[in-house]
Amino acid sequence: MGLFLLPSNNNATFLFILLFFILLLQDTNILPSSAAVSRSNVYIVHMGKKQHADPERLTELHYETLKSVIGREESSDSMVYSYKHGFSGFAARLTKTQAKMISELPNVVRVMPNNFYKMQTTRSWDYLRLPLQSFNSLQYRAKMGGSAIIGLLDSGIWPESKAFSDEGMGPIPSRWRGVCESGKHFDAAKSCNRKLIGARYFIKGLQAEYGGPLNASVFQDYLSPRDASGHGTHTSTIAAGSFISNASYKGLGAGTVRGGAPMAHLAMYKVCWNMYDGGLCAAADLLKAMDEAIHDGVDILSLSIASDLPLYSDVDMRNGITLGAFHAVAHGISVICSAGNEGPNGQTVQSPAPWITTVAASSTDRSFPTPITLGNNWTTLGHGMFTGNDTGFVNLVYPEESEELQSPRYCNSLSPDDRWVRGNVVFCFVFDYHYYAVQDAALNVREAGALGIIVARNPNTAPIEPCQNNFPCVQINHETGMQMLYYIRSTRRPRVKIGPSSTHTGRPVPTRIAEFSSRGPSSVAPAILKPDIAAPGVNILAAVAPDDGSSQDTVFAFYSGTSMAAPHVSGIVALLKSLHPNWSPAALKSAIITTAWTTDPSGEPIFVEGEPMKQADPFDFGGGIVNPNRAADPGLIYDMNSSDYVQYLCGMGYSKSGISLLTEHPVCCPTKRPSMLDINLPSITIPSLEKSTIIVRTVTNVGPVNSKYKAVVESPMGITIAVQPDTLYFNSTVKAVTFSIGVNSSHHVSTGYLFGSLTWHDGEHSVRSPISVRTQITESYS
């Protein structure tokens with residue numbers, strides 16, 4: 001179903017909404033009303049574990065059970081499904097009386113009425129409370145971001161994907177000055193439209209570095225804006241992809257794929273090339289692309305790109321992202337960057353400059369449970385993306401070195417010479433975190449002739465990906481792994497069966513900050529809280545480039561990384577920019593940070609993957625999980641402009657020449673270095689507090705004209721915080737108020753970072769600033 005831009009006049013808007021509701025009712029993919037759901041006469045009959053390994057015999061048993069209640073003739077018409085792989089049972093059309101009669105049969109565990117589930121947005125936008133059917137959400141209030149232009153610096157784009165259809169879109173904004181550039185397998189006249197309004201590629205910096213042209217056939221890339229790796233197509237879909245119904249990866253994660261701002265316009269600046277492991281993006285090309293984007297008229301720049309550690313300083317010319325971002329923000333363009341995938345260690349966060357919005361990665365409330373049944377009929381659920389038929393019961397083996405159990409071998413060390421692996425499912429442990437641990441182990445055992453693999457690792461909520469050729473690969477946690485190992489070691493002939501994965505959304509699936517997500521504090525500027533915010537970045541389904549490079553159909557894949565988290569925020573910023581076109585990048589960033597969820601959207605605590613697992617703090621997720629609907633109406637904002645950023649640069653102690661090189665005009669820092677603590681950020685980070693200090697902030701009212709806000713402080717342990725004044729008043733003449741925060745430590749020893757918050761309440765808005773304080777007592781050597 002096509003969606004159209006909402007007209008500006010009220011009558012047209014009303015007609016649009018009326019037409020939209022009529023189309024919703026006609027669309028076969030839309031769920032029936034709650035009244036219709038309550039009249040459903042389909043029931044699910046759960047019969048517990050499978051009584052037979054033979055699927056046909058199970059089906060016969062299900063029919064016999066149904067016939068015993070409703071009769072032979074009616075049973076064929078009443079049977080809807082026979083469940084015979086994950087568990088034994090069936091779904092059938094029954095009256096309430098018949099359902100009750102079946103529930104009383106001795107071989108029936110329970111009978112459940114049929115429930116209707118919404119087709120999910122695969123799943124992140126529904127998780128962030130931007131449901132497709134809600135006319136009160138930010139997406140509809142902002143007209144799907146139709147006035148915004150998002151520029152992405154990435155690996156290119158696959159223009160034939162339905163994610164970049166311009167059906168129902170409005171005209172290209174008149175301010176757009178960009179171009180669509182032809183190249184290898186990329187015809188600008190056919191590839192660009194009202195959705196993909198610009199596409200260019202930048203490689204001269206990379207070629208100059210390597211002293212020659214890119215060998216496109218060796219590195220399997222295109223000298224054009226076309227995407228070879230799929231990364232740029234994936235991030236573009238997340239940020240502003242058009243609606244694609246009935247999307248899934250081989251049936252997993254089924255639903256409607258859409259971007260955060262599905263009516264926003266896209267411009268792709270290809271700066272990353274499919275060279276070596278993970279691709280290469282030259283700083284020179286990045287800077288040129290950002291420079292062109294500023295000229296072209298983009299509103300947001302989204303970069304899912306990170307550099308190696310340790311980082312360059314803000315004024316170092318090799319820091320292409322920070323430099324280019326400074327100029328973009330000075331022109332009113334929000335710059336959104338991924339935090340990096342170097343977690344779980346601290347001081348690994350990328351893009352530390354205060355003018356950049358840096359995004360960490362969280363999971364969502366979706367999982368892919370995969371049933372594992374041992375030969376003793378014990379069944380557990382692992383996590384995987386296996387979409388084939390169940391393996392049937394086969395031998396389960398563990399790579400022991402000897403009868404004495406002295407030295408177990410790891411799956412990664414197996415080779416085709418390990419003939420004992422052939423025809424079996426292999427079980428092994430992984431004791432150190434590695435993103436591709438399951439896939440690497442699966443590749444080895446598959447080459448050795450195994451039929452599948454089960455990997456025990458912590459955390460078992462780590463990102464999962466399908467293994468090559470749909471090879472059965474499942475991960476479980478260490479505790480379950482120990483139970484499985486005991487079964488193997490205590491059984492003469494251990495057996496196992498792996499079933500196909502399914503999709504589960506909602507409780508009890510928890511939200512976690514991903515272990516790979518880079519953490520604060522900032523290694524460059526510890527007084528600047530980084531990351532700023534977190535967004536979904538684990539197992540995100542979106543469009544990608546097809547593997548064969550020839551398909552014109554839309555192909556979907558699950559990717560994980562802070563690369564996926566950043567475009568979520570980019571899409572949200574596009575919505576906010578459409579709603580508040582005059583807000584500065586700092587205002588938009590402040591709105592996102594101060595309104596974020598510090599629990600998951602359903603109120604449950606957020607933990608951080610790692611060893612050991614702990615509750616998330618500001619160095620893991622900044623302000624919290626991005627809350628789009630609240631960010632649209634933050635109440636107060638902490639605004640900044642170029643002069644504030646120069647204050648930051650002076651506070652960092654950079655030379656006048658270095659700062660002038662960045663700002664492109666002469667800068668003279670004050671004799672007394674400005675305090676880094678007084679940068680007007682929506683967060684407070686004090687990396688070295690010995691006794692007491694006073695910091696200053698200014699808030700601007702963007703809510704009701706006549707407003708009164710009261711301060712509520714959650715002090716870190718052993719830290720006293722006093723706010724003056726503790727009540728802020730705004731009216732038609734007073735739109736901005738400055739306040740001071742006195743911070744005092746009662747600790748007599750140096751501590752690690754302790755966390756709290758300052759929240760301004762007016763009865764409707766809650767404007768929360770995270771606080772991080774570390775007490776450091778100077779030791780005396782006298």
# chains A, B, ... in the order shown; residues from 1 in each chain; ligands from 1

$ select_by_dssp --residues "region 117-214 of chain A" --states "alpha helix (DSSP H)" --output "list of chain:residue names"
A:Ser124, A:Trp125, A:Asp126, A:Tyr127, A:Leu138, A:Gln139, A:Tyr140, A:Arg141, A:Ala188, A:Ala189, A:Lys190, A:Ser191, A:Lys204, A:Gly205, A:Leu206, A:Gln207, A:Ala208, A:Glu209, A:Tyr210

$ atom_distance --atom1 "CA of Ser217 (chain A)" --atom2 "CA of Leu286 (chain A)"
23.3 Å

$ closest_residue --among "A:Tyr140, A:Phe202, A:Trp597, A:Tyr312" --to "Leu579 (chain A)" --atoms "only C-alpha atoms"
A:Tyr140

$ closest_residue --among "A:Ala353, A:Val705, A:Leu649, A:Cys337" --to "Leu311 (chain A)" --atoms "only C-alpha atoms"
A:Ala353

$ closest_residue --among "A:Pro262, A:Gly156, A:Pro674, A:Gly168" --to "Ile203 (chain A)" --atoms "only C-alpha atoms"
A:Gly156

$ closest_residue --among "A:Asp532, A:Asp285, A:Asp440, A:Glu447" --to "Ile356 (chain A)" --atoms "only C-alpha atoms"
A:Asp532

$ residues_around --residues "Tyr269 (chain A)" --least-positions-apart "4" --cutoff "6 Å" --atoms "only C-alpha atoms" --output "PyMOL selection string"
chain A and resi 152-153+199-201

$ select_by_dssp --residues "region 292-506 of chain A" --states "strand (DSSP E or B)" --output "VMD selection string"
chain A and resid 300 to 303 334 to 338 357 to 362 366 to 367 369 to 374 379 to 384 394 to 397 425 to 429 452 to 456 473 to 476 495 to 498 504 to 505

$ residues_around --residues "region 557-564 of chain A" --least-positions-apart "4" --cutoff "8 Å" --atoms "only C-alpha atoms" --output "ChimeraX atom specification"
/A:234-235,238,249,303-305,338-341,359-361,463,465,516-517,536-544,568

$ closest_residue --among "A:Asp548, A:Asp365, A:Asp418, A:Asp187" --to "Pro159 (chain A)" --atoms "only C-alpha atoms"
A:Asp187

$ closest_residue --among "A:Asn274, A:Thr503, A:Thr480, A:Asn107" --to "Leu214 (chain A)" --atoms "only C-alpha atoms"
A:Asn274

$ residues_around --residues "Thr727 (chain A)" --least-positions-apart "3" --cutoff "9 Å" --atoms "only C-alpha atoms" --output "list of chain:residue names"
A:Lys708, A:Tyr709, A:Lys710, A:Ala711, A:Val723, A:Gln724, A:Trp760

$ write_last_selection --atoms "N, CA, C and O atoms" --output "PDB file, in the first residue's frame"
ATOM      1  N   LYS A 708       7.246  26.123  34.775  1.00  0.00           N
ATOM      2  CA  LYS A 708       7.978  26.082  36.033  1.00  0.00           C
ATOM      3  C   LYS A 708       8.565  24.680  36.198  1.00  0.00           C
ATOM      4  O   LYS A 708       7.836  23.683  36.164  1.00  0.00           O
ATOM      5  N   TYR A 709       9.867  24.602  36.356  1.00  0.00           N
ATOM      6  CA  TYR A 709      10.565  23.327  36.473  1.00  0.00           C
ATOM      7  C   TYR A 709      11.243  23.225  37.835  1.00  0.00           C
ATOM      8  O   TYR A 709      11.883  24.176  38.291  1.00  0.00           O
ATOM      9  N   LYS A 710      11.118  22.055  38.450  1.00  0.00           N
ATOM     10  CA  LYS A 710      11.730  21.771  39.743  1.00  0.00           C
ATOM     11  C   LYS A 710      12.832  20.730  39.563  1.00  0.00           C
ATOM     12  O   LYS A 710      12.654  19.733  38.863  1.00  0.00           O
ATOM     13  N   ALA A 711      13.973  20.951  40.228  1.00  0.00           N
ATOM     14  CA  ALA A 711      15.107  20.036  40.113  1.00  0.00           C
ATOM     15  C   ALA A 711      14.926  18.837  41.042  1.00  0.00           C
ATOM     16  O   ALA A 711      14.552  18.988  42.208  1.00  0.00           O
ATOM     17  N   VAL A 723      21.783  22.256  43.481  1.00  0.00           N
ATOM     18  CA  VAL A 723      21.438  23.013  42.279  1.00  0.00           C
ATOM     19  C   VAL A 723      20.885  24.370  42.694  1.00  0.00           C
ATOM     20  O   VAL A 723      19.975  24.450  43.527  1.00  0.00           O
ATOM     21  N   GLN A 724      21.419  25.435  42.090  1.00  0.00           N
ATOM     22  CA  GLN A 724      20.965  26.796  42.384  1.00  0.00           C
ATOM     23  C   GLN A 724      20.736  27.575  41.087  1.00  0.00           C
ATOM     24  O   GLN A 724      21.648  27.657  40.264  1.00  0.00           O
ATOM     25  N   TRP A 760      14.909  17.814  35.539  1.00  0.00           N
ATOM     26  CA  TRP A 760      13.994  18.942  35.693  1.00  0.00           C
ATOM     27  C   TRP A 760      12.579  18.492  35.358  1.00  0.00           C
ATOM     28  O   TRP A 760      12.334  17.971  34.266  1.00  0.00           O
TER      29      TRP A 760
END

$ residues_around --residues "Met652 (chain A)" --least-positions-apart "5" --cutoff "9 Å" --atoms "only C-alpha atoms" --output "MDAnalysis selection string"
chainID A and resid 525 647 673:676

$ residues_around --residues "Arg489 (chain A)" --least-positions-apart "2" --cutoff "12 Å" --atoms "only C-alpha atoms" --output "PyMOL selection string"
chain A and resi 396-400+403-405+427+482-487+491-495

$ write_last_selection --atoms "C-alpha atoms" --output "JSON list (two decimals), in the first residue's frame"
[["chain", "number", "residue", "atom", "x", "y", "z"],
["A", 396, "LEU", "CA", 26.29, -35.94, 19.61],
["A", 397, "VAL", "CA", 30.07, -35.73, 20.10],
["A", 398, "TYR", "CA", 32.43, -33.57, 22.13],
["A", 399, "PRO", "CA", 36.09, -33.14, 21.09],
["A", 400, "GLU", "CA", 37.90, -34.74, 24.02],
["A", 403, "GLU", "CA", 39.74, -40.96, 27.90],
["A", 404, "GLU", "CA", 41.23, -39.13, 30.89],
["A", 405, "LEU", "CA", 39.49, -35.89, 29.79],
["A", 427, "PHE", "CA", 29.28, -29.75, 20.80],
["A", 482, "MET", "CA", 27.55, -28.01, 31.30],
["A", 483, "GLN", "CA", 24.32, -29.98, 31.53],
["A", 484, "MET", "CA", 24.79, -31.11, 27.94],
["A", 485, "LEU", "CA", 28.41, -32.07, 28.61],
["A", 486, "TYR", "CA", 27.34, -34.17, 31.60],
["A", 487, "TYR", "CA", 24.83, -35.96, 29.38],
["A", 491, "THR", "CA", 25.74, -41.69, 28.18],
["A", 492, "ARG", "CA", 27.03, -44.58, 26.08],
["A", 493, "ARG", "CA", 25.54, -43.23, 22.86],
["A", 494, "PRO", "CA", 24.53, -39.56, 23.23],
["A", 495, "ARG", "CA", 22.04, -38.35, 20.64]]

$ closest_atom_pairs --of "region 171-259 of chain A" --to "region 368-388 of chain A" --cutoff "8 Å" --atoms "only C-alpha atoms" --output "JSON lines"
{"residue": "A:Lys250", "atom": "CA", "partner": "A:Thr387", "partner_atom": "CA", "distance": 6.6}
{"residue": "A:Gly251", "atom": "CA", "partner": "A:Thr387", "partner_atom": "CA", "distance": 7.7}
{"residue": "A:Leu252", "atom": "CA", "partner": "A:Met385", "partner_atom": "CA", "distance": 7.6}

$ write_last_selection --atoms "N, CA, C and O atoms" --output "PDB file, in the first residue's frame"
ATOM      1  N   LYS A 250      14.257 -15.832   5.169  1.00  0.00           N
ATOM      2  CA  LYS A 250      13.828 -17.237   5.113  1.00  0.00           C
ATOM      3  C   LYS A 250      12.760 -17.535   6.152  1.00  0.00           C
ATOM      4  O   LYS A 250      12.765 -18.575   6.801  1.00  0.00           O
ATOM      5  N   GLY A 251      11.836 -16.587   6.330  1.00  0.00           N
ATOM      6  CA  GLY A 251      10.735 -16.767   7.268  1.00  0.00           C
ATOM      7  C   GLY A 251      10.985 -16.226   8.656  1.00  0.00           C
ATOM      8  O   GLY A 251      10.040 -16.083   9.435  1.00  0.00           O
ATOM      9  N   LEU A 252      12.232 -15.905   9.001  1.00  0.00           N
ATOM     10  CA  LEU A 252      12.543 -15.369  10.323  1.00  0.00           C
ATOM     11  C   LEU A 252      12.408 -13.846  10.327  1.00  0.00           C
ATOM     12  O   LEU A 252      12.788 -13.174   9.365  1.00  0.00           O
TER      13      LEU A 252
END

$ atom_distance --atom1 "CA of Leu681 (chain A)" --atom2 "CA of Tyr638 (chain A)"
6.2 Å
